[in-house]
>>> print(open('protein24.txt').read())   # compact mmCIF, C-alpha atoms
# COMPACT_ATOMS: atom_id res chain seq x y z
CA MET A 200 101.48 104.03 120.21
CA SER A 201 98.62 104.72 122.61
CA TYR A 202 94.99 104.01 121.89
CA GLY A 203 91.95 105.83 123.17
CA THR A 204 88.56 104.34 123.86
CA ALA A 205 85.88 104.20 121.19
CA ASP A 206 84.32 107.43 122.52
CA SER A 207 87.24 109.50 123.80
CA TRP A 208 89.55 110.46 120.99
CA GLY A 209 88.01 111.18 117.62
CA PRO A 210 85.02 112.04 115.43
CA VAL A 211 84.06 108.41 114.63
CA THR A 212 83.10 105.87 117.28
CA LEU A 213 82.32 102.16 117.42
CA ASP A 214 78.64 103.06 117.80
CA ASP A 215 78.87 105.07 114.56
CA VAL A 216 80.27 102.05 112.74
CA ARG A 217 77.64 99.74 114.22
CA GLY A 218 74.95 102.19 113.13
CA ALA A 219 76.42 102.20 109.63
CA GLN A 220 76.35 98.41 109.59
CA LYS A 221 72.61 98.40 110.33
CA MET A 222 72.03 101.03 107.65
CA LEU A 223 73.91 98.95 105.07
CA THR A 224 71.95 95.76 105.73
CA GLY A 225 70.53 94.65 102.40
CA VAL A 226 72.56 97.30 100.56
CA ALA A 227 76.21 96.26 100.81
CA ARG A 228 77.25 92.63 100.64
CA VAL A 229 78.98 90.85 103.49
CA THR A 230 81.91 89.97 101.27
CA ALA A 231 83.66 86.61 101.35
CA MET A 232 86.77 85.77 103.34
CA GLU A 233 88.96 83.40 101.31
CA GLY A 234 91.94 81.51 102.66
CA SER A 235 95.23 81.56 100.75
CA ARG A 236 97.39 78.44 101.08
CA HIS A 237 100.31 80.04 99.22
CA LEU A 238 100.41 83.18 101.38
CA SER A 239 99.83 81.13 104.54
CA GLN A 240 102.92 79.05 103.75
CA LEU A 241 104.97 82.21 103.17
CA VAL A 242 103.81 83.96 106.34
CA GLY A 243 103.87 80.84 108.48
CA ALA A 244 100.35 81.51 109.75
CA PRO A 245 96.83 81.49 108.28
CA VAL A 246 96.25 84.26 105.74
CA HIS A 247 92.73 85.24 104.68
CA LEU A 248 91.69 87.57 101.86
CA LYS A 249 88.77 89.91 102.57
CA CYS A 250 87.22 90.17 99.12
CA GLU A 251 85.88 93.71 98.79
CA ASN A 252 86.70 93.34 95.10
CA LEU A 253 83.47 91.29 95.02
CA GLN A 254 81.43 94.08 96.66
CA ARG A 255 78.66 95.79 94.68
CA THR A 256 80.27 98.29 92.27
CA GLY A 257 83.52 96.34 92.65
CA SER A 258 84.93 98.05 95.74
CA PHE A 259 84.31 99.03 99.37
CA LYS A 260 83.40 102.59 98.35
CA LEU A 261 79.66 101.87 98.26
CA ARG A 262 79.66 101.47 102.05
CA GLY A 263 80.81 104.98 102.91
CA ALA A 264 78.96 106.68 100.05
CA TYR A 265 75.63 105.16 101.05
CA VAL A 266 76.01 106.06 104.74
CA ARG A 267 77.01 109.64 103.85
CA ILE A 268 74.14 110.23 101.41
CA ALA A 269 71.57 108.46 103.62
CA GLY A 270 72.45 110.89 106.40
CA LEU A 271 71.62 114.01 104.38
CA LEU A 272 68.71 116.21 105.37
CA PRO A 273 65.66 116.20 103.03
CA GLU A 274 66.54 119.62 101.61
CA GLU A 275 70.12 118.44 100.96
CA ARG A 276 68.87 115.34 99.15
CA ALA A 277 66.63 117.53 97.04
CA ALA A 278 69.66 119.58 95.94
CA GLY A 279 71.43 116.45 94.72
CA VAL A 280 75.00 115.34 95.30
CA VAL A 281 78.25 115.76 93.39
CA ALA A 282 81.50 113.82 93.50
CA ALA A 283 84.85 113.66 91.74
CA SER A 284 86.57 110.37 91.07
CA ALA A 285 88.51 108.37 88.50
CA GLY A 286 86.50 105.25 89.23
CA ASN A 287 85.59 103.48 92.47
CA HIS A 288 84.15 106.41 94.44
CA ALA A 289 82.28 107.49 91.32
CA GLN A 290 80.51 104.15 91.06
CA GLY A 291 79.82 103.99 94.80
CA VAL A 292 78.21 107.44 94.81
CA ALA A 293 76.24 106.67 91.64
CA LEU A 294 74.69 103.46 93.00
CA ALA A 295 74.10 104.82 96.51
CA SER A 296 72.34 107.87 95.07
CA SER A 297 70.16 105.75 92.82
CA LEU A 298 69.16 103.49 95.71
CA LEU A 299 68.24 106.52 97.80
CA GLY A 300 66.46 108.42 95.02
CA VAL A 301 68.98 111.27 94.95
CA HIS A 302 70.28 112.87 91.75
CA SER A 303 74.05 112.53 91.40
CA THR A 304 76.56 114.31 89.21
CA VAL A 305 80.01 112.78 88.99
CA PHE A 306 83.02 114.56 87.53
CA MET A 307 85.65 112.23 86.07
CA PRO A 308 88.99 112.98 84.35
CA LYS A 309 88.94 113.01 80.57
CA GLY A 310 91.34 110.06 80.54
CA ALA A 311 89.29 107.85 82.88
CA PRO A 312 88.94 104.29 81.56
CA LEU A 313 85.83 103.84 79.42
CA PRO A 314 84.53 100.83 81.42
CA LYS A 315 84.51 102.96 84.60
CA ILE A 316 82.75 105.85 82.85
CA SER A 317 80.12 103.48 81.41
CA ALA A 318 79.57 101.74 84.75
CA THR A 319 79.11 105.06 86.56
CA ARG A 320 76.47 106.12 84.04
CA GLU A 321 74.73 102.76 84.25
CA TYR A 322 74.48 103.12 88.03
CA GLY A 323 72.49 106.29 87.42
CA ALA A 324 74.90 109.22 87.68
CA GLU A 325 75.20 112.14 85.30
CA VAL A 326 78.87 111.96 84.27
CA ARG A 327 80.84 115.04 83.29
CA LEU A 328 84.38 114.68 81.98
CA HIS A 329 86.69 117.47 83.10
CA GLY A 330 90.42 117.90 83.52
CA ASP A 331 93.41 115.73 82.78
CA VAL A 332 94.21 114.92 86.42
CA VAL A 333 92.02 114.24 89.45
CA ASP A 334 92.95 117.56 91.11
CA GLU A 335 91.38 119.44 88.19
CA THR A 336 88.34 117.17 88.32
CA LEU A 337 88.01 117.76 92.06
CA ALA A 338 88.15 121.52 91.60
CA ALA A 339 85.39 121.34 88.98
CA ALA A 340 83.18 119.29 91.29
CA ARG A 341 83.64 121.74 94.15
CA GLU A 342 82.84 124.67 91.86
CA TYR A 343 79.69 122.86 90.74
CA ALA A 344 78.69 122.32 94.37
CA ASP A 345 79.20 125.99 95.19
CA ARG A 346 77.24 127.09 92.12
CA THR A 347 74.29 124.69 92.35
CA GLY A 348 73.99 123.87 96.05
CA ALA A 349 74.60 120.17 95.44
CA VAL A 350 76.25 118.40 98.38
CA PHE A 351 79.86 117.47 97.72
CA ILE A 352 80.54 113.84 98.70
CA HIS A 353 84.20 113.54 99.62
CA PRO A 354 85.79 110.13 98.96
CA PHE A 355 87.38 109.82 102.42
CA ASP A 356 87.44 113.02 104.48
CA HIS A 357 84.13 112.81 106.36
CA PRO A 358 83.07 110.93 109.52
CA ASP A 359 80.09 109.25 107.78
CA ILE A 360 82.34 107.95 105.01
CA ILE A 361 84.78 106.54 107.57
CA ALA A 362 81.98 104.94 109.61
CA GLY A 363 80.68 103.22 106.48
CA GLN A 364 84.11 101.90 105.55
CA GLY A 365 84.56 100.73 109.14
CA THR A 366 81.90 98.07 108.60
CA VAL A 367 84.62 96.09 106.80
CA GLY A 368 86.39 95.86 110.17
CA LEU A 369 83.28 94.55 111.94
CA GLU A 370 82.88 91.87 109.28
CA ILE A 371 86.52 90.84 109.65
CA LEU A 372 86.08 90.32 113.38
CA GLU A 373 82.92 88.29 112.77
CA GLN A 374 84.49 86.15 110.05
CA CYS A 375 87.95 85.74 111.62
CA PRO A 376 87.59 86.45 115.36
CA GLU A 377 91.12 85.19 116.06
CA VAL A 378 92.74 87.69 113.63
CA GLY A 379 96.19 88.95 114.68
CA THR A 380 97.00 91.44 111.88
CA ILE A 381 94.87 93.32 109.35
CA VAL A 382 96.69 94.69 106.30
CA VAL A 383 94.85 97.34 104.30
CA GLY A 384 95.68 99.65 101.40
CA MET A 385 95.70 103.41 102.01
CA GLY A 386 95.18 106.45 99.83
CA GLY A 387 93.41 109.20 101.73
CA GLY A 388 93.01 106.83 104.65
CA GLY A 389 89.24 106.42 104.98
CA LEU A 390 89.17 102.63 104.83
CA ALA A 391 92.13 102.12 107.18
CA ALA A 392 90.70 104.66 109.63
CA GLY A 393 87.27 103.04 109.65
CA ILE A 394 88.66 99.55 110.13
CA ALA A 395 90.93 100.80 112.91
CA VAL A 396 88.03 102.45 114.78
CA ALA A 397 85.95 99.27 114.73
CA VAL A 398 88.72 96.78 115.41
CA LYS A 399 90.72 98.64 118.05
CA ALA A 400 87.57 99.32 120.09
CA LEU A 401 86.80 95.60 120.27
CA ARG A 402 90.25 94.04 119.91
CA PRO A 403 92.99 96.56 120.77
CA ASP A 404 95.60 93.79 120.46
CA VAL A 405 95.02 93.39 116.70
CA ARG A 406 97.78 94.96 114.64
CA ILE A 407 96.63 97.29 111.82
CA VAL A 408 99.10 97.83 108.99
CA GLY A 409 98.48 100.33 106.20
CA VAL A 410 100.05 99.96 102.76
CA GLN A 411 100.75 102.75 100.27
CA ALA A 412 102.21 102.81 96.78
CA ALA A 413 105.77 104.15 97.07
CA GLY A 414 105.22 106.78 94.38
CA SER A 415 102.11 108.10 96.11
CA ALA A 416 102.93 107.67 99.80
CA ALA A 417 101.74 110.79 101.59
CA TYR A 418 101.23 109.16 104.99
CA PRO A 419 104.87 108.50 106.01
CA PRO A 420 105.94 112.16 105.72
CA SER A 421 102.63 113.29 107.22
CA LEU A 422 103.01 111.02 110.24
CA ALA A 423 106.59 112.22 110.65
CA ALA A 424 105.38 115.85 110.59
CA GLY A 425 102.41 115.19 112.86
CA ARG A 426 99.98 116.72 110.36
CA PRO A 427 98.75 116.04 106.82
CA VAL A 428 101.28 117.20 104.25
CA SER A 429 101.05 117.10 100.47
CA ILE A 430 103.37 115.37 98.06
CA GLU A 431 103.76 116.78 94.58
CA HIS A 432 102.90 114.73 91.53
CA PRO A 433 101.98 111.36 93.06
CA VAL A 434 102.74 108.63 90.54
CA THR A 435 101.39 105.09 90.60
CA MET A 436 99.32 102.77 88.46
CA ALA A 437 97.21 102.10 91.59
CA ASP A 438 94.73 104.92 90.98
CA GLY A 439 92.57 103.76 93.90
CA ILE A 440 95.27 104.90 96.36
CA LYS A 441 96.81 107.68 94.27
CA VAL A 442 96.20 110.51 96.73
CA GLY A 443 98.63 113.38 97.30
CA ARG A 444 97.46 114.35 100.79
CA PRO A 445 95.82 112.45 103.67
CA GLY A 446 92.38 113.58 104.71
CA ASP A 447 92.22 115.67 107.89
CA VAL A 448 89.62 113.41 109.52
CA PRO A 449 91.19 110.03 108.73
CA PHE A 450 94.70 111.29 109.48
CA GLY A 451 93.94 111.83 113.15
CA ILE A 452 92.50 108.33 113.41
CA VAL A 453 95.35 106.70 111.51
CA GLU A 454 97.90 108.55 113.63
CA SER A 455 96.24 107.27 116.81
CA LEU A 456 95.20 103.75 115.85
CA VAL A 457 97.14 102.37 112.88
CA ASP A 458 100.28 100.59 114.06
CA GLU A 459 102.42 100.92 110.93
CA VAL A 460 102.37 102.21 107.37
CA ARG A 461 104.44 100.41 104.73
CA THR A 462 105.13 101.18 101.07
CA VAL A 463 105.33 98.89 98.04
CA THR A 464 106.77 99.46 94.57
CA GLU A 465 105.07 99.17 91.20
CA ASP A 466 106.91 95.90 90.52
CA GLU A 467 105.67 94.52 93.84
CA LEU A 468 102.09 95.59 93.09
CA SER A 469 102.28 93.89 89.69
CA ALA A 470 103.58 90.65 91.20
CA ALA A 471 100.83 90.72 93.84
CA LEU A 472 98.10 91.28 91.26
CA LEU A 473 99.43 88.37 89.23
CA LEU A 474 99.46 86.15 92.31
CA CYS A 475 95.84 87.03 93.14
CA LEU A 476 94.80 86.11 89.62
CA GLU A 477 96.81 82.89 89.34
CA ARG A 478 96.64 81.50 92.88
CA ALA A 479 93.39 82.92 94.28
CA LYS A 480 91.49 83.22 90.97
CA LEU A 481 90.53 86.77 91.95
CA VAL A 482 90.63 89.83 89.71
CA VAL A 483 92.04 92.65 91.85
CA GLU A 484 93.00 96.17 90.86
CA PRO A 485 96.53 97.41 91.70
CA ALA A 486 95.32 99.35 94.77
CA GLY A 487 93.57 96.24 96.05
CA ALA A 488 96.72 94.16 95.64
CA GLY A 489 98.78 96.41 97.94
CA PRO A 490 98.28 94.32 101.11
CA VAL A 491 99.27 91.14 99.26
CA ALA A 492 102.39 92.90 97.95
CA ALA A 493 103.36 93.80 101.52
CA LEU A 494 103.00 90.17 102.60
CA LEU A 495 105.09 88.95 99.68
CA ILE A 496 108.06 91.22 100.32
CA ASP A 497 108.26 90.77 104.10
CA PRO A 498 106.15 87.74 105.11
CA GLY A 499 107.71 87.38 108.54
CA ALA A 500 106.57 90.82 109.72
CA PHE A 501 102.90 90.01 110.23
CA PRO A 502 101.70 88.08 113.31
CA GLY A 503 98.93 85.73 112.30
CA PRO A 504 96.26 84.99 111.55
CA VAL A 505 96.46 87.71 108.90
CA VAL A 506 93.61 89.31 106.97
CA ALA A 507 94.58 91.17 103.78
CA VAL A 508 91.83 93.47 102.51
CA LEU A 509 91.41 93.31 98.72
CA SER A 510 89.77 96.71 98.48
CA GLY A 511 88.67 96.66 94.84
CA GLY A 512 88.57 94.84 91.55
CA ASN A 513 87.79 97.61 89.05
CA VAL A 514 90.75 97.31 86.73
CA ASP A 515 90.69 98.51 83.14
CA PRO A 516 91.30 95.53 80.79
CA VAL A 517 94.05 97.42 78.95
CA LEU A 518 95.83 98.22 82.21
CA LEU A 519 95.32 94.64 83.41
CA GLN A 520 97.11 93.34 80.33
CA ARG A 521 100.03 95.70 80.91
CA VAL A 522 100.20 95.00 84.64
CA LEU A 523 100.14 91.24 84.17
CA ARG A 524 102.99 91.44 81.69
CA HIS A 525 104.84 93.74 84.08
CA GLY A 526 104.22 91.31 86.93
CA MET A 527 105.53 88.42 84.84
CA ALA A 528 108.64 90.43 84.05
CA ALA A 529 109.16 91.24 87.74
CA GLN A 530 109.04 87.50 88.49
CA GLY A 531 111.47 86.69 85.67
CA ARG A 532 108.72 85.04 83.63
CA TYR A 533 108.88 87.45 80.73
CA LEU A 534 111.91 88.07 78.57
CA ALA A 535 112.41 90.78 75.95
CA VAL A 536 115.44 90.14 73.74
CA ARG A 537 116.90 91.57 70.51
CA LEU A 538 119.14 89.59 68.24
CA ARG A 539 120.73 89.59 64.78
CA LEU A 540 120.14 86.86 62.22
CA PRO A 541 120.75 86.38 58.48
CA ASP A 542 118.22 88.10 56.23
CA SER A 543 117.47 84.97 54.22
CA PRO A 544 114.45 82.70 53.62
CA GLY A 545 113.85 80.34 56.52
CA ALA A 546 116.15 82.16 58.98
CA LEU A 547 113.30 83.38 61.18
CA ALA A 548 111.69 79.92 61.24
CA GLU A 549 115.03 78.36 62.18
CA MET A 550 115.46 80.81 65.06
CA LEU A 551 111.93 80.10 66.31
CA GLY A 552 112.81 76.42 66.25
CA VAL A 553 115.62 77.10 68.73
CA LEU A 554 113.11 78.81 71.02
CA SER A 555 110.73 75.87 70.68
CA VAL A 556 113.43 73.45 71.82
CA ALA A 557 114.22 75.81 74.72
CA ASP A 558 110.49 75.68 75.65
CA ALA A 559 110.01 79.46 75.48
CA ASN A 560 106.58 80.76 74.47
CA VAL A 561 106.78 83.53 71.85
CA LEU A 562 104.31 86.34 72.61
CA ASP A 563 105.39 88.88 70.01
CA VAL A 564 107.92 89.19 67.16
CA SER A 565 109.15 92.40 65.53
CA HIS A 566 111.27 91.85 62.39
CA VAL A 567 113.41 94.78 61.12
CA ARG A 568 115.33 94.69 57.83
CA THR A 569 115.85 98.36 56.99
CA ASP A 570 118.10 99.93 59.59
CA PRO A 571 121.42 101.69 58.86
CA ARG A 572 123.03 99.75 61.73
CA LEU A 573 122.38 96.46 59.94
CA GLY A 574 124.59 94.87 57.36
CA LEU A 575 123.26 94.23 53.87
CA THR A 576 122.48 90.59 54.66
CA GLU A 577 121.37 91.07 58.27
CA ALA A 578 118.00 91.47 59.99
CA GLU A 579 117.16 92.33 63.56
CA VAL A 580 114.42 90.65 65.57
CA GLU A 581 112.89 91.79 68.84
CA LEU A 582 111.19 88.99 70.75
CA HIS A 583 108.84 89.05 73.71
CA LEU A 584 108.89 85.65 75.38
CA GLU A 585 107.03 83.99 78.22
CA THR A 586 109.39 81.94 80.37
CA LYS A 587 109.26 79.85 83.54
CA GLY A 588 111.42 82.06 85.70
CA PRO A 589 114.83 83.75 85.98
CA GLU A 590 116.79 80.50 85.44
CA HIS A 591 114.79 79.72 82.33
CA CYS A 592 115.48 83.25 80.98
CA THR A 593 119.20 82.55 81.31
CA GLU A 594 118.80 79.18 79.61
CA VAL A 595 116.90 80.71 76.66
CA ALA A 596 119.51 83.43 76.12
CA HIS A 597 122.27 80.79 76.32
CA ALA A 598 120.48 78.59 73.78
CA LEU A 599 120.25 81.48 71.31
CA ARG A 600 123.96 82.29 71.67
CA GLU A 601 124.90 78.61 71.36
CA ALA A 602 122.94 78.52 68.09
CA GLY A 603 125.15 81.32 66.76
CA TYR A 604 122.86 84.30 67.16
CA THR A 605 124.14 87.68 68.33
CA VAL A 606 122.04 88.67 71.33
CA ILE A 607 121.99 92.44 71.78
CA ASP A 608 121.82 93.56 75.44
>>> encode(input="protein24.txt", output="structure tokens")
Amino acid sequence: MSYGTADSWGPVTLDDVRGAQKMLTGVARVTAMEGSRHLSQLVGAPVHLKCENLQRTGSFKLRGAYVRIAGLLPEERAAGVVAASAGNHAQGVALASSLLGVHSTVFMPKGAPLPKISATREYGAEVRLHGDVVDETLAAAREYADRTGAVFIHPFDHPDIIAGQGTVGLEILEQCPEVGTIVVGMGGGGLAAGIAVAVKALRPDVRIVGVQAAGSAAYPPSLAAGRPVSIEHPVTMADGIKVGRPGDVPFGIVESLVDEVRTVTEDELSAALLLCLERAKLVVEPAGAGPVAALLIDPGAFPGPVVAVLSGGNVDPVLLQRVLRHGMAAQGRYLAVRLRLPDSPGALAEMLGVLSVADANVLDVSHVRTDPRLGLTEAEVELHLETKGPEHCTEVAHALREAGYTVID
């Protein structure tokens, strides 16, 4: 893949990113770079986590939103701004607008998590709930912009947005000047494009790897076609990178400067999120865990030192609970099992005693007595258990069978 100079190939230059960095001084945090011993051992080289999950508003989105809104003409600021988002971009636009004294209206899907809706309002935006999916919300925001004259702030498809996100790349080079590979999550591509502009202009030898959720991976077919193409019905729990079509502006940059785009599954995202929480003590949303997932599934593919960008930490508590349980299941640390036992006093306690000896932690018990499939003196129990890994799961199931219980597969 060939690389142009900072000024010769695209709409965003190194000077643009440096200008954005000056503009963001005192506004966006220079987020921490944390080492990961566990990932370093896996990769065989130092691995650092760039903690944009600790950025103001909980993600990198503030950077691009502030630069975009700060660049508006006075008459545009007076008209206000409008955005559409399920979470991170909404909060970034809301805070940036408040800091700059600009009125903001943010359209969010009706099903957006309540904590994200509340946070967006608290940052100063007028929130309007519209549509069941982001595409409907986006259409409503554009219609509002056309009707009122408010400036539509796109989440990734604008040079100012990309320049703002590119400041992450400058910070990486300052904090880890010897970096060999940067791994970054991708939805529309604004963050990866911005990082690539900054890093490739200063260190063209650094490898940039983008990561997409497999169920929402629009970049691989787009890169194969040589133009942005849409995928129908993108599906992933990682709403921060759930985008059905690359942006026109970031696509050209990604095509020119990003070395590789990889995909990760939902199970792999869950396992990565769990690792960030347990090993790094960092709360990361599924989209932010994508780079860690890529390192976990193919650790030998990334020349070090490696920087994995944790792009955000805005995860709904209900989703976090589900994802953590899913991640435990993917690692063989969670076992769901159904079994038959006598419907008699003390039978359930006796069965739980077997699990206690097997050192399995019972998370949930569902006890069914009235089912036509059961005999008159039988009951069925569904158990959700926390275990120590795949071998322990096998041991627990064996212990139940050895005790005389019928385990139903």
>>> closest_atom_pairs(input="protein24.txt", of="stretch 252-308 of chain A", to="stretch 432-439 of chain A", cutoff="9 Å", atoms="all atoms listed in the file", output="tab-separated table")
residue	atom	partner	partner_atom	distance
A:Ala285	CA	A:Asp438	CA	7.5
A:Gly286	CA	A:Gly439	CA	7.8
A:Asn287	CA	A:Gly439	CA	7.1
A:His288	CA	A:Gly439	CA	8.8
>>> residues_around(input="protein24.txt", residues="A:Val226", least_positions_apart="6", cutoff="12 Å", atoms="only C-alpha atoms", output="list in words")
Ala219, Gln220, Gln254, Arg255, Thr256, Phe259, Leu261, Arg262, Gly263, Ala264, Tyr265, Val266, Ala269, Gly291, Leu294, Ala295, Ser296, Ser297, Leu298, Leu299 and Gly363 of chain A
>>> atom_distance(input="protein24.txt", atom1="atom CA of A:Val508", atom2="atom CA of A:Leu248")
5.9 Å
>>> atom_distance(input="protein24.txt", atom1="atom CA of A:Ala596", atom2="atom CA of A:Glu477")
26.3 Å
>>> axis_aligned_box(input="protein24.txt", around="stretch 256-272 of chain A", padding_each_side="4 Å", output="lines of an AutoDock Vina configuration file")
center_x = 76.8
center_y = 106.3
center_z = 99.3
size_x = 24.2
size_y = 27.9
size_z = 22.1
>>> closest_residue(input="protein24.txt", among="A:Ala318, A:Ile360, A:Val216, A:Ala557", to="A:Glu590", atoms="only C-alpha atoms")
A:Ala557
>>> residues_around(input="protein24.txt", residues="stretch 341-343 of chain A", least_positions_apart="6", cutoff="12 Å", atoms="only C-alpha atoms", output="list in words")
Ala278, Gly279, Val280, Val281, Ala282, Ala283, Ser303, Thr304, Val305, Phe306, Arg327, His329, Asp334, Glu335, Ala349, Val350, Phe351, Ile352 and His353 of chain A
>>> closest_atom_pairs(input="protein24.txt", of="stretch 489-526 of chain A", to="stretch 307-315 of chain A", cutoff="10 Å", atoms="only C-alpha atoms", output="Markdown table")
| residue | atom | partner | partner_atom | distance |
| --- | --- | --- | --- | --- |
| A:Asn513 | CA | A:Lys315 | CA | 7.7 |
| A:Val514 | CA | A:Lys315 | CA | 8.7 |
| A:Asp515 | CA | A:Pro312 | CA | 6.2 |
| A:Pro516 | CA | A:Pro314 | CA | 8.6 |
| A:Val517 | CA | A:Pro312 | CA | 9.0 |
| A:Leu518 | CA | A:Pro312 | CA | 9.2 |
>>> atom_distance(input="protein24.txt", atom1="atom CA of A:Gly234", atom2="atom CA of A:Gln520")
25.8 Å
>>> residues_around(input="protein24.txt", residues="A:Gly489", least_positions_apart="3", cutoff="6 Å", atoms="only C-alpha atoms", output="number ranges by chain")
A: 384, 468, 486, 492
>>> closest_residue(input="protein24.txt", among="A:Glu465, A:Asp542, A:Glu594, A:Asp215", to="A:Asp359", atoms="only C-alpha atoms")
A:Asp215
>>> residues_around(input="protein24.txt", residues="A:Pro449", least_positions_apart="5", cutoff="10 Å", atoms="all atoms listed in the file", output="list in words")
Gly209, Pro210, Val211, Phe355, Asp356, His357, Pro358, Ile360, Ile361, Gly387, Gly388, Gly389, Leu390, Ala391, Ala392, Gly393, Pro427, Glu454 and Ser455 of chain A
>>> closest_residue(input="protein24.txt", among="A:Arg320, A:His597, A:Arg217, A:Arg461", to="A:Leu401", atoms="only C-alpha atoms")
A:Arg217
>>> closest_residue(input="protein24.txt", among="A:Arg444, A:Arg346, A:Arg236, A:Arg406", to="A:Tyr418", atoms="only C-alpha atoms")
A:Arg444
>>> residues_around(input="protein24.txt", residues="A:Ala488", least_positions_apart="6", cutoff="7 Å", atoms="all atoms listed in the file", output="CSV table (one decimal) with C-alpha atoms, in the coordinates of the input")
chain,number,residue,atom,x,y,z
A,468,LEU,CA,102.1,95.6,93.1
A,471,ALA,CA,100.8,90.7,93.8
A,472,LEU,CA,98.1,91.3,91.3
A,509,LEU,CA,91.4,93.3,98.7
>>> closest_residue(input="protein24.txt", among="A:Leu519, A:Val482, A:Ala324, A:Leu584", to="A:Ala535", atoms="only C-alpha atoms")
A:Leu584
>>> closest_residue(input="protein24.txt", among="A:Ala289, A:Met385, A:Ala479, A:Ile496", to="A:Pro445", atoms="all atoms listed in the file")
A:Met385
